[in-house]
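Input: a single structure, listed below in structure tokens.
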Amino acid sequence: MLDEQETIGNRIRRARLRLGMPQADLAAAVGRTQGWVSKVEAGRIELDRAGVINQLASALHCHPNDLIERPYIAENSSENQWQISAAAILRELRRYDLAPVFDGPPRASRELWRDTEQLHRLRDEAASTAILGMLPDLLRESRALAEVSTGREREEAFSLYAVCCKFAHTAAHALGHPELVAMACERASWAAARSGDAVLPAVADWMRVWDMWATADWSDAIALSDKALRSIEEPNQAGDPLAVRAWGSLHLRAAVSAARAGDAQQVEDRVAEARRAAQRMEPLRRTTFDRHSLTFSLGNVQIHAVSVQLEMGDHAKALLLNERADPQHVSALPKSRRGHHHMDLARAWLWDGNRDRALADLETAERIAPQLVRNHPIARATLRKIVYAERATTRERLRRMSDRFRLDG
């Protein structure tokens, strides 16, 4: 892992040379100096902001995972077994418009929805490999139900299929499988259009916004968020809990997109709109089944408010907002969200020069959501910065002590 920073720099250099692109051109494309690009390629600058990695990948016409070498290959082969499940899911998604291969009659939709409750629990635990393990059979059965049923039951089957695609999409993002990310998003849109669910197509667009970040298409991501918001404006105003939840989630997506575009005012406006939605949602949150699997609450708005400040490079404001956040709302979040939050705090403390606090928050993040954190490129970049800084400090202390002992003489 300690060699990753240099390896990433070499990969960026090779991608640039493959295009015949001078360093100055790459620097101009990402709004940096040639010296900055030179240091990145030499492994002297750690890439610890997702937006910057995505900008580099877009300028180099490749996927961000090509630069940071995801998915990571674990030394323990059992930790790589999730790729078997991912391949099985891809097979199901590729044959989406063919007659499903399923033995016997499929269960009713109400029973299949009960199965998704386990997926929700696994999502909250950030157990991505377990999610992938459940999905091939559930995708196959929901597709079989759509094939043999009619009316509302058929629409529910397509809703189930779309939601399963969303679970696949989330897990594939966490583990770094771009092919599964892209195909799950496409199939979710296809099924949502057939679901009879007025909000589900907007949820599929919410997924697409996430994918647009990979190519640094910030303005398109905002435009798509707004398109999805317009599609659910009426049920949101009517107070439909699922629409309110989607409304707030889409504004948070737009806030992240605006932060990466450097639009501070839009960030503030979007977070404020999401906060209003969360306040409307709060009395209904515990009594409304989240069939769309959108983690949205006041706590989620609070941690996004911190995250978007880091996306804009303002760690001081991020730490201030974290101090002001209601700890009860944050502690009520699922482990997947709290793990992300502590990763963000680790970055903020590191940028603030406090390596001890940074390491403590990174350890907390790993304890809360180990699979998520160990596979997250930003967590790995933060840990590398801490390690390199500690090494440099130790070398300097040893050099001074060596001088006092006159070991060179």
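Naming scheme: A, B, ... for chains in displayed order of the structure tokens; residues 1 onward per chain; ligands 1 onward as shown.
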Q. Skipping near chain neighbours, those fewer than 5 positions away, what residues fall within 12 Å of A:Ala332 using only C-alpha atoms, listed as a list of chain:residue names?
A. A:Asp124, A:Arg285, A:Arg286, A:Thr295, A:Phe296, A:Ser297, A:Leu298, A:Gly299, A:Asn300, A:Gln302, A:Ile303, A:Asp326, A:Pro327, A:Arg337, A:Arg338
Please dump the current selection as an mmCIF file, in the first residue's frame; keep C-alpha atoms.
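Everything below was put into part.cif:
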```
data_model
loop_
_atom_site.group_PDB
_atom_site.id
_atom_site.type_symbol
_atom_site.label_atom_id
_atom_site.label_comp_id
_atom_site.auth_asym_id
_atom_site.auth_seq_id
_atom_site.Cartn_x
_atom_site.Cartn_y
_atom_site.Cartn_z
ATOM 1 C CA ASP A 124 -26.530 -0.116 6.678
ATOM 2 C CA ARG A 285 -38.995 8.449 9.009
ATOM 3 C CA ARG A 286 -39.538 5.582 11.428
ATOM 4 C CA THR A 295 -30.526 6.818 3.442
ATOM 5 C CA PHE A 296 -31.919 10.276 4.139
ATOM 6 C CA SER A 297 -32.318 12.093 7.451
ATOM 7 C CA LEU A 298 -31.210 15.211 9.306
ATOM 8 C CA GLY A 299 -28.028 13.383 10.267
ATOM 9 C CA ASN A 300 -27.306 12.594 6.643
ATOM 10 C CA GLN A 302 -25.354 17.256 8.514
ATOM 11 C CA ILE A 303 -22.565 14.947 7.375
ATOM 12 C CA ASP A 326 -26.223 17.281 16.489
ATOM 13 C CA PRO A 327 -24.409 14.131 17.690
ATOM 14 C CA ARG A 337 -22.783 6.660 6.476
ATOM 15 C CA ARG A 338 -20.921 7.041 9.780
#
```
Q: Using only C-alpha atoms, determine which residues lie at most 12 Å from stretch 20-33 of chain A, disregarding the query and same-chain residues fewer than 4 positions distant; provide the list as a VMD selection string.
A: chain A and resid 12 to 16 37 to 41 51 to 61 216 260 to 262
Please, could you write that set of residues out with N, CA and C atoms as a PDB file, in the first residue's frame?
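Result saved to part-v3.pdb:
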```
ATOM      1  N   ILE A  12      -0.690   7.746 -14.054  1.00  0.00           N
ATOM      2  CA  ILE A  12      -1.111   9.012 -14.654  1.00  0.00           C
ATOM      3  C   ILE A  12      -0.130   9.419 -15.752  1.00  0.00           C
ATOM      4  N   ARG A  13       1.140   9.264 -15.485  1.00  0.00           N
ATOM      5  CA  ARG A  13       2.161   9.625 -16.480  1.00  0.00           C
ATOM      6  C   ARG A  13       2.005   8.783 -17.746  1.00  0.00           C
ATOM      7  N   ARG A  14       1.805   7.469 -17.582  1.00  0.00           N
ATOM      8  CA  ARG A  14       1.656   6.591 -18.742  1.00  0.00           C
ATOM      9  C   ARG A  14       0.412   6.964 -19.546  1.00  0.00           C
ATOM     10  N   ALA A  15      -0.688   7.262 -18.852  1.00  0.00           N
ATOM     11  CA  ALA A  15      -1.919   7.643 -19.551  1.00  0.00           C
ATOM     12  C   ALA A  15      -1.719   8.945 -20.329  1.00  0.00           C
ATOM     13  N   ARG A  16      -0.981   9.878 -19.743  1.00  0.00           N
ATOM     14  CA  ARG A  16      -0.710  11.153 -20.426  1.00  0.00           C
ATOM     15  C   ARG A  16       0.168  10.930 -21.654  1.00  0.00           C
ATOM     16  N   VAL A  37       1.418  18.852 -11.597  1.00  0.00           N
ATOM     17  CA  VAL A  37       1.324  17.595 -12.341  1.00  0.00           C
ATOM     18  C   VAL A  37       2.624  16.812 -12.213  1.00  0.00           C
ATOM     19  N   SER A  38       3.746  17.494 -12.299  1.00  0.00           N
ATOM     20  CA  SER A  38       5.041  16.824 -12.180  1.00  0.00           C
ATOM     21  C   SER A  38       5.180  16.139 -10.826  1.00  0.00           C
ATOM     22  N   LYS A  39       4.747  16.819  -9.770  1.00  0.00           N
ATOM     23  CA  LYS A  39       4.844  16.225  -8.428  1.00  0.00           C
ATOM     24  C   LYS A  39       3.887  15.040  -8.274  1.00  0.00           C
ATOM     25  N   VAL A  40       2.686  15.160  -8.869  1.00  0.00           N
ATOM     26  CA  VAL A  40       1.745  14.037  -8.817  1.00  0.00           C
ATOM     27  C   VAL A  40       2.346  12.812  -9.500  1.00  0.00           C
ATOM     28  N   GLU A  41       2.909  13.016 -10.685  1.00  0.00           N
ATOM     29  CA  GLU A  41       3.477  11.895 -11.432  1.00  0.00           C
ATOM     30  C   GLU A  41       4.685  11.295 -10.728  1.00  0.00           C
ATOM     31  N   GLY A  51     -12.946  14.399  -6.404  1.00  0.00           N
ATOM     32  CA  GLY A  51     -13.176  15.277  -7.539  1.00  0.00           C
ATOM     33  C   GLY A  51     -11.930  15.496  -8.372  1.00  0.00           C
ATOM     34  N   VAL A  52     -10.770  15.598  -7.720  1.00  0.00           N
ATOM     35  CA  VAL A  52      -9.507  15.803  -8.444  1.00  0.00           C
ATOM     36  C   VAL A  52      -9.141  14.551  -9.241  1.00  0.00           C
ATOM     37  N   ILE A  53      -9.314  13.386  -8.622  1.00  0.00           N
ATOM     38  CA  ILE A  53      -9.033  12.125  -9.332  1.00  0.00           C
ATOM     39  C   ILE A  53      -9.934  12.015 -10.563  1.00  0.00           C
ATOM     40  N   ASN A  54     -11.210  12.371 -10.389  1.00  0.00           N
ATOM     41  CA  ASN A  54     -12.145  12.288 -11.513  1.00  0.00           C
ATOM     42  C   ASN A  54     -11.779  13.276 -12.619  1.00  0.00           C
ATOM     43  N   GLN A  55     -11.332  14.472 -12.249  1.00  0.00           N
ATOM     44  CA  GLN A  55     -10.908  15.453 -13.255  1.00  0.00           C
ATOM     45  C   GLN A  55      -9.710  14.942 -14.051  1.00  0.00           C
ATOM     46  N   LEU A  56      -8.742  14.358 -13.357  1.00  0.00           N
ATOM     47  CA  LEU A  56      -7.571  13.811 -14.044  1.00  0.00           C
ATOM     48  C   LEU A  56      -7.984  12.706 -15.004  1.00  0.00           C
ATOM     49  N   ALA A  57      -8.840  11.810 -14.532  1.00  0.00           N
ATOM     50  CA  ALA A  57      -9.275  10.698 -15.382  1.00  0.00           C
ATOM     51  C   ALA A  57     -10.026  11.204 -16.607  1.00  0.00           C
ATOM     52  N   SER A  58     -10.882  12.213 -16.411  1.00  0.00           N
ATOM     53  CA  SER A  58     -11.619  12.767 -17.541  1.00  0.00           C
ATOM     54  C   SER A  58     -10.669  13.384 -18.559  1.00  0.00           C
ATOM     55  N   ALA A  59      -9.686  14.126 -18.082  1.00  0.00           N
ATOM     56  CA  ALA A  59      -8.719  14.758 -18.989  1.00  0.00           C
ATOM     57  C   ALA A  59      -7.888  13.725 -19.731  1.00  0.00           C
ATOM     58  N   LEU A  60      -7.677  12.575 -19.089  1.00  0.00           N
ATOM     59  CA  LEU A  60      -6.857  11.513 -19.690  1.00  0.00           C
ATOM     60  C   LEU A  60      -7.712  10.471 -20.416  1.00  0.00           C
ATOM     61  N   HIS A  61      -9.023  10.705 -20.482  1.00  0.00           N
ATOM     62  CA  HIS A  61      -9.955   9.843 -21.218  1.00  0.00           C
ATOM     63  C   HIS A  61      -9.879   8.386 -20.744  1.00  0.00           C
ATOM     64  N   ALA A 216     -16.294  13.610 -14.277  1.00  0.00           N
ATOM     65  CA  ALA A 216     -16.198  15.022 -13.901  1.00  0.00           C
ATOM     66  C   ALA A 216     -17.201  15.901 -14.651  1.00  0.00           C
ATOM     67  N   ARG A 260     -17.930  20.172  -6.270  1.00  0.00           N
ATOM     68  CA  ARG A 260     -16.816  19.790  -7.148  1.00  0.00           C
ATOM     69  C   ARG A 260     -16.657  20.779  -8.301  1.00  0.00           C
ATOM     70  N   ALA A 261     -17.739  21.470  -8.650  1.00  0.00           N
ATOM     71  CA  ALA A 261     -17.661  22.513  -9.669  1.00  0.00           C
ATOM     72  C   ALA A 261     -17.188  23.841  -9.079  1.00  0.00           C
ATOM     73  N   GLY A 262     -17.067  23.920  -7.743  1.00  0.00           N
ATOM     74  CA  GLY A 262     -16.607  25.139  -7.094  1.00  0.00           C
ATOM     75  C   GLY A 262     -17.673  26.198  -6.923  1.00  0.00           C
TER      76      GLY A 262
END
```
**Q.** Using only C-alpha atoms: which of A:Ala325, A:Met207, A:Leu294, A:Val306 has the shortest distance to A:Val181
**A.**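 Ranked by minimum distance to A:Val181, first place goes to A:Met207.
In terms of minimum interatomic distance to A:Leu119, A:Ser293 ranks closest within A:Gly151, A:Arg194, A:Ser293, A:Leu252, counting only C-alpha atoms.
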Q.
Quick one: residues within 8 Å of A:Trp213, only C-alpha atoms, excluding same-chain residues fewer than 4 positions away - as a VMD selection string?
A. chain A and resid 51 54 209 217 to 218 221 257
Q: Would you mind listing what lies within 12 Å of A:Ile68 as JSON, numbers by chain, with only C-alpha atoms counted and same-chain residues fewer than 5 positions away left out?
A: {"A": [1, 3, 4, 5, 6, 7, 8, 9, 10, 11, 12, 46, 47, 48, 50, 53, 54, 56, 57, 62, 63, 176, 375, 376, 377, 378, 380, 381]}
Q.
Report, in Å to a single decimal, how far apart atom CA of A:His173 and atom CA of A:Ser128 are.
A. 9.3 Å
Q | Residues within 9 Å of stretch 160-169 of chain A, only C-alpha atoms, excluding chain neighbours under 3 positions, as number ranges by chain | A | A: 86, 89, 93, 109, 112-113, 116, 119-120, 123, 128, 131-132, 135, 138-143, 146, 155-157, 172-174, 180-192, 195, 200, 203-204, 207, 291-293
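Atom pair atom CA of A:Tyr388 / atom CA of A:Leu359 has a distance of 12.7 Å (rounded to one decimal).
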Q: Figure out the distance between atom CA of A:Pro71 and atom CA of A:Arg18, please, to one decimal in Å.
A: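 These two atoms are separated by 22.6 Å.
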